[in-house]
Amino acid sequence: DQTAIFGGWSSFLNYFDSTIHFQLSFINRRSSMEEYESVIRIMPQNDAFDDVRMEYAQMLKNQLAKGNNGLVRTKYITFGIGAENIREAKPRLERIEADILNNFKVLGVQAYPLSGEERLQILYETFNQEENEPFRFSYNQVLRSGMGTKDFVAPPSFVFKGGKDFQMGSTLGAVSYLQIIAPELTDRMLAEFLDMDRNLVVNLHIQSLDQLKAIKTVKSKVTDIDRMKLEEQKKAVRSGYDMDIIPSDLNTYGGEAKRLLEDLQQRNERLFLVTALFMNTAKAKQELDNGIFQTAGIAQKYNCSLRRLDYMQEQGLMSSLPLGLNQIEIQRTLTTSSVAIFVPFTTMELFQSSGDALYYGLNALSNNLIMVDRKKLKNPSGLILGTPGSGKSFSAKREILNAFLVSDDDILIADPEAEYFPLVQRLNGQVIRISPTSRQYVNPMDLNLDYSDDESPLSLKVDFLLSFCDIVVGSKDGLQPVEKTVIDRCVRLVYRQYLEDPRPENMPILEDLYNLLLKQEEKEAHFIATALEIYVTGSLNVFNHRTNVDIHNRIVCYDIKELGKQLKQLGMLVIQDQVWNRVTVNRAAGKTTRYYVDEFHLLLKGELAAWSVEIWKRFRKWGGISTGVTQNIKDLLASREIENILENSDFILMLNQAAGDRQILAKQLNISPHQLSYVTHSGEGEGLLFYGSVILPFVDRFPRDTELYRIMTTKLSDLSPSQEVQA
């Protein structure tokens, strides 16, 4: 993967010809922690959950303090061309911009062009680093005030009297250039500079040389060295020495020049002139000196040297702005692969400032908070995968709790192992225990008249009841055409009274359908009725009652642990139907519905599989976010249809994986061996987060001394005796 990224980045650099000057800017800027705290802040709402909110908010604050989220890292590419006027330059600049964005897309890198206001904001933040006043600007102000754009970005003052440093407002700064003397460079050098926990601006000004001129120049150098060798050999002969004894420098330079010529002619390499500038800034002189010393130390580690720009600080400052302007003519000639070693794609951060962004742990590479909003994904449906004990259910509960506290989303849970009731009860949710002995009932015949905009609610209900009867009949070949026709007819008849007068008491139950089937003449109708009998008047009649629980509560948990083997599949199907009902009601109100399915592999067998695939494909359009929690990866790849669930999940939380599953997932999700190490023998709450095209290792160490941990954990060693009895 690294080789592919490096090759792609080299091709990207080769795109720039000698008429385009471009600049890569990497800006580490100390930001106010208030920006981050405003994102994680959870405000009290004067309800029964304020103590939970405060505990969760304190946990987020503690996690924020562990990282260096006060440092904002941004990357810019600035390019420019020579032209007579803007009108002439604009079409070509736009074409170059489109090509650059396409090249980034091929690399899998997200990039977008900056607006004029955004470019001015970068200048303002560079010149006014210690100012607490945020940047305020609009082009209307320019027209009204008569001021120029420079007036909005300039600091109170510039002082360049020292020669070795400068001052802008209350900020001290110094610009140095990187003297590259190492015979070999490594991709870690730039990454180490950017990992510094200080204000730092790194700029690479890069100018491609014309390929023909470059080859011609190198050839002339080879010729010069050969001529010098010849003269040395003549001297040796005249002096009576062996003609092979010539200065070692000539041999070294000759070999290097020939290798360079070979690279240019045969290996798709180009020559570039590179100026590498480093601008350190700080509040105080001592802090500035420490920053420069640390930067110089990293350079020294890689056999390079950081030299101060004596009496050229003003030109250095101007060249450190992302304007494509290089006033420092200290250049080093490098080939494409030498320039590409400054590869900027090292650490990815995921911290979104959306109001619905939820916490998913700390970035294992930078220790920064991971806060993302699944609603921003193309398909927000997702999976939580991991071996038993890796923290799957805990991760699902943490997301449920977070979503409950910061949003107004409805939350539905299918719970086959009775793990979620402590959390749901604490949030005053409705736990519905469905079992043959329970007195809580959910009517599978419930019909929502707002079931769909584009389809008849009755047609969709027929589809559900066909699946229901298919499971009941249990035939190897499924329902036969005549059986389907009979069921369709009876379903339409059984709802006639309710559709004419949609009152709750007119809602049919399973027994009404059973009685109608018995009245039909076809023997197939009697066969289906006989199969249904045990679920109507027999010992498994749990689904032959009107709904008597609050299915409209904001958080509803369907506990089906005590359903036997015969009823579990039916129970899961009824829950799926209830979820669709809730989603359609919420869709009309513009509300999001989150649906969590633990032991998700139970839904990937038989008739249930088609319903699960349908949810993953269509939920997004209906304002739904579904999450499957499972350890059985092989079930997700059982058929091409079920495999769609994996492909339609833009969000995957992957915890520790078994050896066999690791190889399957690596192939399916294109995970590199290094990334795979994060889900190999990893601890609880450690793994990989897949968010769209971003793959990020994470660690979630949730504090154990909290009420929240106790209501979310399923580890018996962490439970109090009373909780163990409940469990």
# chains A, B, ... in the order shown; residues from 1 in each chain; ligands from 1
>>> residues_around(residues="segment 563-565 of chain A", least_positions_apart="2", cutoff="12 Å", atoms="only C-alpha atoms", output="JSON, numbers by chain")
{"A": [415, 416, 417, 418, 433, 434, 435, 436, 437, 438, 471, 539, 540, 541, 542, 543, 558, 559, 560, 561, 567, 568, 569, 570, 571, 572, 602]}
>>> residues_around(residues="Leu708 of chain A", least_positions_apart="4", cutoff="8 Å", atoms="only C-alpha atoms", output="list of chain:residue names")
A:Val52, A:Glu55, A:Tyr56, A:Met712
>>> select_by_dssp(residues="segment 223-461 of chain A", states="strand (DSSP E or B)", output="CSV table (one decimal) with all heavy atoms, in the first residue's frame")
chain,number,residue,atom,x,y,z
A,271,LEU,N,13.5,16.3,-13.0
A,271,LEU,CA,14.4,17.1,-12.1
A,271,LEU,C,13.5,18.3,-11.5
A,271,LEU,O,12.8,18.9,-12.3
A,271,LEU,CB,15.6,17.6,-12.7
A,271,LEU,CG,16.8,16.7,-12.8
A,271,LEU,CD1,18.0,17.4,-13.4
A,271,LEU,CD2,17.2,16.1,-11.4
A,272,PHE,N,13.7,18.6,-10.2
A,272,PHE,CA,12.9,19.7,-9.6
A,272,PHE,C,13.9,20.5,-8.8
A,272,PHE,O,14.9,20.0,-8.2
A,272,PHE,CB,11.9,19.1,-8.6
A,272,PHE,CG,10.7,18.4,-9.3
A,272,PHE,CD1,10.8,17.0,-9.5
A,272,PHE,CD2,9.6,19.1,-9.7
A,272,PHE,CE1,9.8,16.3,-10.1
A,272,PHE,CE2,8.6,18.4,-10.3
A,272,PHE,CZ,8.6,17.0,-10.5
A,273,LEU,N,13.7,21.8,-8.8
A,273,LEU,CA,14.4,22.7,-7.9
A,273,LEU,C,13.5,22.9,-6.6
A,273,LEU,O,12.4,23.3,-6.7
A,273,LEU,CB,14.6,24.1,-8.5
A,273,LEU,CG,15.6,24.0,-9.8
A,273,LEU,CD1,15.6,25.4,-10.5
A,273,LEU,CD2,17.0,23.6,-9.4
A,274,VAL,N,14.0,22.6,-5.5
A,274,VAL,CA,13.2,22.6,-4.2
A,274,VAL,C,13.8,23.5,-3.2
A,274,VAL,O,15.0,23.5,-3.0
A,274,VAL,CB,13.1,21.2,-3.6
A,274,VAL,CG1,12.3,21.2,-2.4
A,274,VAL,CG2,12.5,20.2,-4.6
A,275,THR,N,13.0,24.4,-2.6
A,275,THR,CA,13.4,25.2,-1.5
A,275,THR,C,12.5,24.8,-0.3
A,275,THR,O,11.3,24.9,-0.4
A,275,THR,CB,13.1,26.7,-1.8
A,275,THR,OG1,13.8,27.1,-3.0
A,275,THR,CG2,13.6,27.6,-0.6
A,276,ALA,N,13.1,24.3,0.8
A,276,ALA,CA,12.3,23.9,2.0
A,276,ALA,C,12.5,24.9,3.1
A,276,ALA,O,13.6,25.2,3.5
A,276,ALA,CB,12.8,22.5,2.4
A,277,LEU,N,11.4,25.6,3.5
A,277,LEU,CA,11.4,26.6,4.5
A,277,LEU,C,10.6,26.2,5.7
A,277,LEU,O,9.6,25.6,5.6
A,277,LEU,CB,10.9,27.9,3.9
A,277,LEU,CG,11.6,28.5,2.7
A,277,LEU,CD1,10.8,29.7,2.2
A,277,LEU,CD2,13.0,28.9,3.0
A,278,PHE,N,11.2,26.6,6.9
A,278,PHE,CA,10.5,26.3,8.2
A,278,PHE,C,10.3,27.6,8.9
A,278,PHE,O,11.3,28.3,9.2
A,278,PHE,CB,11.4,25.3,9.0
A,278,PHE,CG,11.4,23.9,8.4
A,278,PHE,CD1,12.2,23.6,7.3
A,278,PHE,CD2,10.7,22.9,9.0
A,278,PHE,CE1,12.2,22.4,6.8
A,278,PHE,CE2,10.8,21.6,8.5
A,278,PHE,CZ,11.5,21.3,7.4
A,279,MET,N,9.1,27.9,9.3
A,279,MET,CA,8.8,29.1,10.1
A,279,MET,C,8.3,28.6,11.5
A,279,MET,O,7.2,28.1,11.6
A,279,MET,CB,7.8,30.0,9.4
A,279,MET,CG,7.6,31.3,10.2
A,279,MET,SD,6.5,32.5,9.3
A,279,MET,CE,4.9,31.8,9.6
A,280,ASN,N,9.1,28.9,12.5
A,280,ASN,CA,8.7,28.7,13.9
A,280,ASN,C,8.2,30.0,14.5
A,280,ASN,O,8.7,31.1,14.2
A,280,ASN,CB,9.9,28.3,14.8
A,280,ASN,CG,10.5,26.9,14.3
A,280,ASN,OD1,11.3,26.8,13.4
A,280,ASN,ND2,10.0,25.9,15.0
A,281,THR,N,7.1,29.9,15.2
A,281,THR,CA,6.6,31.1,15.9
A,281,THR,C,6.3,30.8,17.4
A,281,THR,O,6.0,29.6,17.7
A,281,THR,CB,5.3,31.6,15.2
A,281,THR,OG1,4.3,30.5,15.2
A,281,THR,CG2,5.6,32.2,13.8
A,282,ALA,N,6.3,31.8,18.2
A,282,ALA,CA,6.0,31.6,19.7
A,282,ALA,C,5.6,32.9,20.3
A,282,ALA,O,5.8,34.0,19.7
A,282,ALA,CB,7.2,30.9,20.3
A,304,CYS,N,20.4,16.1,7.8
A,304,CYS,CA,20.2,17.4,7.1
A,304,CYS,C,20.5,18.5,8.1
A,304,CYS,O,20.7,18.3,9.3
A,304,CYS,CB,18.7,17.5,6.7
A,304,CYS,SG,18.3,16.3,5.4
A,305,SER,N,20.5,19.7,7.6
A,305,SER,CA,20.9,20.8,8.5
A,305,SER,C,19.9,22.0,8.3
A,305,SER,O,19.4,22.3,7.2
A,305,SER,CB,22.3,21.3,8.1
A,305,SER,OG,22.6,22.5,8.8
A,306,LEU,N,19.4,22.6,9.5
A,306,LEU,CA,18.5,23.7,9.4
A,306,LEU,C,19.3,25.0,9.6
A,306,LEU,O,19.9,25.2,10.7
A,306,LEU,CB,17.5,23.5,10.5
A,306,LEU,CG,16.2,24.3,10.4
A,306,LEU,CD1,15.3,23.7,9.2
A,306,LEU,CD2,15.3,24.3,11.7
A,307,ARG,N,19.3,25.8,8.7
A,307,ARG,CA,20.1,27.1,8.7
A,307,ARG,C,19.1,28.3,8.8
A,307,ARG,O,18.2,28.4,8.0
A,307,ARG,CB,21.0,27.2,7.5
A,307,ARG,CG,22.0,26.1,7.3
A,307,ARG,CD,23.0,26.2,8.4
A,307,ARG,NE,24.0,25.2,8.3
A,307,ARG,CZ,25.2,25.3,7.6
A,307,ARG,NH1,25.4,26.3,6.9
A,307,ARG,NH2,26.0,24.3,7.6
A,308,ARG,N,19.5,29.2,9.7
A,308,ARG,CA,18.6,30.4,9.8
A,308,ARG,C,18.9,31.3,8.6
A,308,ARG,O,20.0,31.4,8.1
A,308,ARG,CB,19.0,31.2,11.1
A,308,ARG,CG,18.0,32.2,11.6
A,308,ARG,CD,16.8,31.6,12.3
A,308,ARG,NE,17.2,31.0,13.6
A,308,ARG,CZ,17.2,31.7,14.7
A,308,ARG,NH1,16.8,32.9,14.8
A,308,ARG,NH2,17.6,31.1,15.8
A,332,ARG,N,17.7,23.3,-4.1
A,332,ARG,CA,18.4,22.0,-4.1
A,332,ARG,C,17.7,21.3,-5.3
A,332,ARG,O,16.5,21.2,-5.4
A,332,ARG,CB,18.2,21.3,-2.8
A,332,ARG,CG,18.7,19.8,-2.8
A,332,ARG,CD,20.2,19.8,-2.8
A,332,ARG,NE,20.7,18.6,-2.1
A,332,ARG,CZ,20.9,17.4,-2.7
A,332,ARG,NH1,20.5,17.2,-4.0
A,332,ARG,NH2,21.4,16.4,-2.0
A,333,THR,N,18.5,20.7,-6.2
A,333,THR,CA,18.0,19.9,-7.3
A,333,THR,C,17.8,18.5,-6.8
A,333,THR,O,18.6,17.8,-6.2
A,333,THR,CB,19.0,19.9,-8.4
A,333,THR,OG1,19.4,21.2,-8.8
A,333,THR,CG2,18.4,19.2,-9.6
A,334,LEU,N,16.5,18.0,-7.0
A,334,LEU,CA,16.1,16.7,-6.6
A,334,LEU,C,15.3,16.0,-7.7
A,334,LEU,O,14.7,16.7,-8.5
A,334,LEU,CB,15.2,16.7,-5.3
A,334,LEU,CG,15.9,17.2,-4.0
A,334,LEU,CD1,14.8,17.4,-2.9
A,334,LEU,CD2,17.0,16.3,-3.5
A,335,THR,N,15.4,14.7,-7.7
A,335,THR,CA,14.6,13.9,-8.7
A,335,THR,C,13.2,13.7,-8.1
A,335,THR,O,12.9,14.0,-7.0
A,335,THR,CB,15.2,12.5,-8.9
A,335,THR,OG1,15.3,11.8,-7.7
A,335,THR,CG2,16.6,12.6,-9.6
A,351,PHE,N,-12.3,14.7,13.3
A,351,PHE,CA,-12.9,15.5,14.4
A,351,PHE,C,-13.8,16.4,13.7
A,351,PHE,O,-13.4,17.4,13.1
A,351,PHE,CB,-11.8,16.2,15.2
A,351,PHE,CG,-12.4,16.9,16.4
A,351,PHE,CD1,-12.4,16.3,17.6
A,351,PHE,CD2,-13.0,18.2,16.3
A,351,PHE,CE1,-13.0,16.9,18.8
A,351,PHE,CE2,-13.5,18.8,17.4
A,351,PHE,CZ,-13.5,18.2,18.7
A,358,LEU,N,-20.5,12.2,17.2
A,358,LEU,CA,-20.5,11.3,18.4
A,358,LEU,C,-19.0,10.9,18.7
A,358,LEU,O,-18.2,10.9,17.8
A,358,LEU,CB,-21.4,10.1,18.2
A,358,LEU,CG,-22.8,10.3,17.9
A,358,LEU,CD1,-23.6,9.0,17.8
A,358,LEU,CD2,-23.5,11.2,18.9
A,359,TYR,N,-18.7,10.5,19.9
A,359,TYR,CA,-17.4,10.1,20.3
A,359,TYR,C,-17.2,8.6,20.0
A,359,TYR,O,-18.0,7.8,20.3
A,359,TYR,CB,-17.3,10.4,21.8
A,359,TYR,CG,-16.1,9.7,22.5
A,359,TYR,CD1,-14.8,10.1,22.4
A,359,TYR,CD2,-16.3,8.5,23.3
A,359,TYR,CE1,-13.8,9.5,23.0
A,359,TYR,CE2,-15.3,7.9,23.9
A,359,TYR,CZ,-14.0,8.4,23.8
A,359,TYR,OH,-13.0,7.7,24.4
A,360,TYR,N,-16.0,8.3,19.4
A,360,TYR,CA,-15.7,6.9,19.1
A,360,TYR,C,-14.3,6.5,19.7
A,360,TYR,O,-13.7,5.5,19.2
A,360,TYR,CB,-15.7,6.7,17.6
A,360,TYR,CG,-17.1,6.7,17.1
A,360,TYR,CD1,-17.6,7.9,16.5
A,360,TYR,CD2,-18.0,5.6,17.2
A,360,TYR,CE1,-18.9,8.0,16.1
A,360,TYR,CE2,-19.3,5.7,16.7
A,360,TYR,CZ,-19.8,6.9,16.2
A,360,TYR,OH,-21.1,6.9,15.7
A,361,GLY,N,-13.7,7.3,20.6
A,361,GLY,CA,-12.4,6.9,21.1
A,361,GLY,C,-11.4,7.9,20.8
A,361,GLY,O,-11.6,9.0,20.3
A,362,LEU,N,-10.1,7.5,21.0
A,362,LEU,CA,-9.0,8.4,20.7
A,362,LEU,C,-8.2,7.8,19.5
A,362,LEU,O,-8.1,6.6,19.3
A,362,LEU,CB,-8.0,8.4,21.9
A,362,LEU,CG,-8.5,9.1,23.1
A,362,LEU,CD1,-7.4,9.0,24.2
A,362,LEU,CD2,-8.9,10.5,22.9
A,363,ASN,N,-7.7,8.7,18.6
A,363,ASN,CA,-6.9,8.3,17.5
A,363,ASN,C,-5.6,7.6,18.0
A,363,ASN,O,-4.8,8.2,18.8
A,363,ASN,CB,-6.5,9.5,16.7
A,363,ASN,CG,-5.8,9.2,15.4
A,363,ASN,OD1,-5.0,8.2,15.3
A,363,ASN,ND2,-5.9,10.1,14.4
A,369,LEU,N,-9.0,13.2,20.0
A,369,LEU,CA,-10.4,12.7,20.0
A,369,LEU,C,-10.9,12.4,18.6
A,369,LEU,O,-10.6,13.1,17.6
A,369,LEU,CB,-11.3,13.8,20.6
A,369,LEU,CG,-11.6,13.8,22.1
A,369,LEU,CD1,-12.6,14.9,22.3
A,369,LEU,CD2,-12.1,12.5,22.6
A,370,ILE,N,-11.7,11.3,18.5
A,370,ILE,CA,-12.4,11.0,17.2
A,370,ILE,C,-13.9,11.3,17.5
A,370,ILE,O,-14.5,10.8,18.3
A,370,ILE,CB,-12.3,9.5,16.9
A,370,ILE,CG1,-10.8,9.2,16.6
A,370,ILE,CG2,-13.1,9.2,15.6
A,370,ILE,CD1,-10.5,7.7,16.4
A,371,MET,N,-14.4,12.3,16.7
A,371,MET,CA,-15.8,12.8,16.8
A,371,MET,C,-16.3,12.8,15.4
A,371,MET,O,-15.8,13.6,14.6
A,371,MET,CB,-15.9,14.1,17.5
A,371,MET,CG,-15.4,14.2,18.9
A,371,MET,SD,-16.5,13.6,20.1
A,371,MET,CE,-17.9,14.7,20.0
A,372,VAL,N,-17.2,11.9,15.1
A,372,VAL,CA,-17.8,11.9,13.7
A,372,VAL,C,-19.3,11.8,13.7
A,372,VAL,O,-19.9,11.3,14.7
A,372,VAL,CB,-17.2,10.8,12.8
A,372,VAL,CG1,-15.7,11.1,12.5
A,372,VAL,CG2,-17.4,9.5,13.4
A,382,GLY,N,-24.1,0.8,9.3
A,382,GLY,CA,-22.8,0.3,9.6
A,382,GLY,C,-22.8,-1.0,10.4
A,382,GLY,O,-23.8,-1.6,10.6
A,383,LEU,N,-21.6,-1.5,10.7
A,383,LEU,CA,-21.4,-2.8,11.4
A,383,LEU,C,-20.4,-2.6,12.5
A,383,LEU,O,-19.5,-1.7,12.4
A,383,LEU,CB,-20.8,-3.8,10.4
A,383,LEU,CG,-21.7,-4.2,9.2
A,383,LEU,CD1,-20.9,-4.9,8.2
A,383,LEU,CD2,-22.8,-5.1,9.7
A,384,ILE,N,-20.6,-3.3,13.6
A,384,ILE,CA,-19.6,-3.4,14.7
A,384,ILE,C,-19.1,-4.9,14.7
A,384,ILE,O,-20.0,-5.8,15.0
A,384,ILE,CB,-20.2,-2.9,16.0
A,384,ILE,CG1,-20.6,-1.5,15.9
A,384,ILE,CG2,-19.1,-3.1,17.1
A,384,ILE,CD1,-21.3,-0.9,17.2
A,385,LEU,N,-17.9,-5.1,14.4
A,385,LEU,CA,-17.4,-6.5,14.3
A,385,LEU,C,-16.3,-6.8,15.3
A,385,LEU,O,-15.4,-5.9,15.6
A,385,LEU,CB,-16.8,-6.7,12.9
A,385,LEU,CG,-17.6,-6.3,11.7
A,385,LEU,CD1,-16.8,-6.4,10.4
A,385,LEU,CD2,-18.9,-7.1,11.6
A,410,ASP,N,-34.7,8.8,17.5
A,410,ASP,CA,-35.3,7.6,18.1
A,410,ASP,C,-34.3,6.4,18.0
A,410,ASP,O,-33.6,6.3,17.0
A,410,ASP,CB,-36.6,7.3,17.4
A,410,ASP,CG,-37.7,8.2,17.9
A,410,ASP,OD1,-37.5,9.0,18.8
A,410,ASP,OD2,-38.8,8.2,17.3
A,411,ILE,N,-34.4,5.6,19.0
A,411,ILE,CA,-33.4,4.4,19.0
A,411,ILE,C,-34.2,3.1,19.3
A,411,ILE,O,-34.9,3.0,20.3
A,411,ILE,CB,-32.4,4.7,20.1
A,411,ILE,CG1,-31.6,5.9,19.9
A,411,ILE,CG2,-31.4,3.5,20.3
A,411,ILE,CD1,-30.8,6.5,21.0
A,412,LEU,N,-34.0,2.2,18.4
A,412,LEU,CA,-34.6,0.9,18.5
A,412,LEU,C,-33.6,-0.2,18.6
A,412,LEU,O,-32.5,-0.1,17.8
A,412,LEU,CB,-35.6,0.6,17.3
A,412,LEU,CG,-36.6,1.7,17.0
A,412,LEU,CD1,-37.4,1.3,15.7
A,412,LEU,CD2,-37.6,1.8,18.1
A,413,ILE,N,-33.7,-1.2,19.4
A,413,ILE,CA,-32.7,-2.2,19.7
A,413,ILE,C,-33.3,-3.6,19.6
A,413,ILE,O,-34.3,-3.9,20.3
A,413,ILE,CB,-32.0,-2.0,21.0
A,413,ILE,CG1,-31.5,-0.6,21.2
A,413,ILE,CG2,-30.9,-3.0,21.2
A,413,ILE,CD1,-31.2,-0.2,22.6
A,414,ALA,N,-32.7,-4.5,18.8
A,414,ALA,CA,-33.1,-5.9,18.8
A,414,ALA,C,-32.0,-6.6,19.7
A,414,ALA,O,-30.9,-6.6,19.3
A,414,ALA,CB,-33.1,-6.5,17.4
A,415,ASP,N,-32.5,-7.1,20.8
A,415,ASP,CA,-31.5,-7.6,21.8
A,415,ASP,C,-31.8,-9.1,22.1
A,415,ASP,O,-32.6,-9.5,23.0
A,415,ASP,CB,-31.7,-6.8,23.1
A,415,ASP,CG,-30.8,-7.2,24.2
A,415,ASP,OD1,-29.8,-7.9,23.9
A,415,ASP,OD2,-31.0,-6.7,25.3
A,430,GLN,N,-38.3,1.9,26.9
A,430,GLN,CA,-39.3,0.8,27.0
A,430,GLN,C,-38.6,-0.5,26.6
A,430,GLN,O,-38.1,-0.7,25.5
A,430,GLN,CB,-40.4,1.0,26.0
A,430,GLN,CG,-41.4,-0.2,25.9
A,430,GLN,CD,-42.2,-0.4,27.2
A,430,GLN,OE1,-43.1,0.5,27.5
A,430,GLN,NE2,-42.1,-1.5,27.9
A,431,VAL,N,-38.5,-1.4,27.6
A,431,VAL,CA,-37.9,-2.8,27.3
A,431,VAL,C,-39.1,-3.7,27.1
A,431,VAL,O,-40.0,-3.8,28.0
A,431,VAL,CB,-37.1,-3.3,28.5
A,431,VAL,CG1,-36.6,-4.7,28.2
A,431,VAL,CG2,-35.9,-2.4,28.7
A,432,ILE,N,-39.2,-4.3,25.9
A,432,ILE,CA,-40.3,-5.2,25.6
A,432,ILE,C,-39.7,-6.6,25.6
A,432,ILE,O,-39.0,-7.0,24.7
A,432,ILE,CB,-40.9,-4.8,24.2
A,432,ILE,CG1,-41.4,-3.4,24.2
A,432,ILE,CG2,-42.0,-5.8,23.9
A,432,ILE,CD1,-41.8,-2.9,22.8
A,433,ARG,N,-40.1,-7.4,26.6
A,433,ARG,CA,-39.6,-8.8,26.7
A,433,ARG,C,-40.7,-9.7,26.0
A,433,ARG,O,-41.8,-9.8,26.4
A,433,ARG,CB,-39.5,-9.2,28.1
A,433,ARG,CG,-38.3,-8.6,28.8
A,433,ARG,CD,-38.0,-9.2,30.2
A,433,ARG,NE,-36.7,-8.7,30.7
A,433,ARG,CZ,-36.7,-7.6,31.4
A,433,ARG,NH1,-37.8,-6.9,31.7
A,433,ARG,NH2,-35.5,-7.1,31.9
>>> residues_around(residues="segment 246-262 of chain A", least_positions_apart="6", cutoff="9 Å", atoms="only C-alpha atoms", output="JSON, numbers by chain")
{"A": [215, 218, 219, 221, 222, 225, 226, 228, 229, 232, 233, 236, 269, 335]}
>>> closest_atom_pairs(of="segment 394-459 of chain A", to="segment 488-506 of chain A", cutoff="9 Å", atoms="only C-alpha atoms", output="tab-separated table")
residue	atom	partner	partner_atom	distance
A:Leu447	CA	A:Tyr495	CA	8.8
A:Leu449	CA	A:Leu499	CA	8.5
A:Leu458	CA	A:Arg492	CA	7.2
A:Ser459	CA	A:Asp488	CA	8.7
>>> select_by_dssp(residues="segment 211-390 of chain A", states="helix (DSSP H, G or I)", output="count of residues only")
79
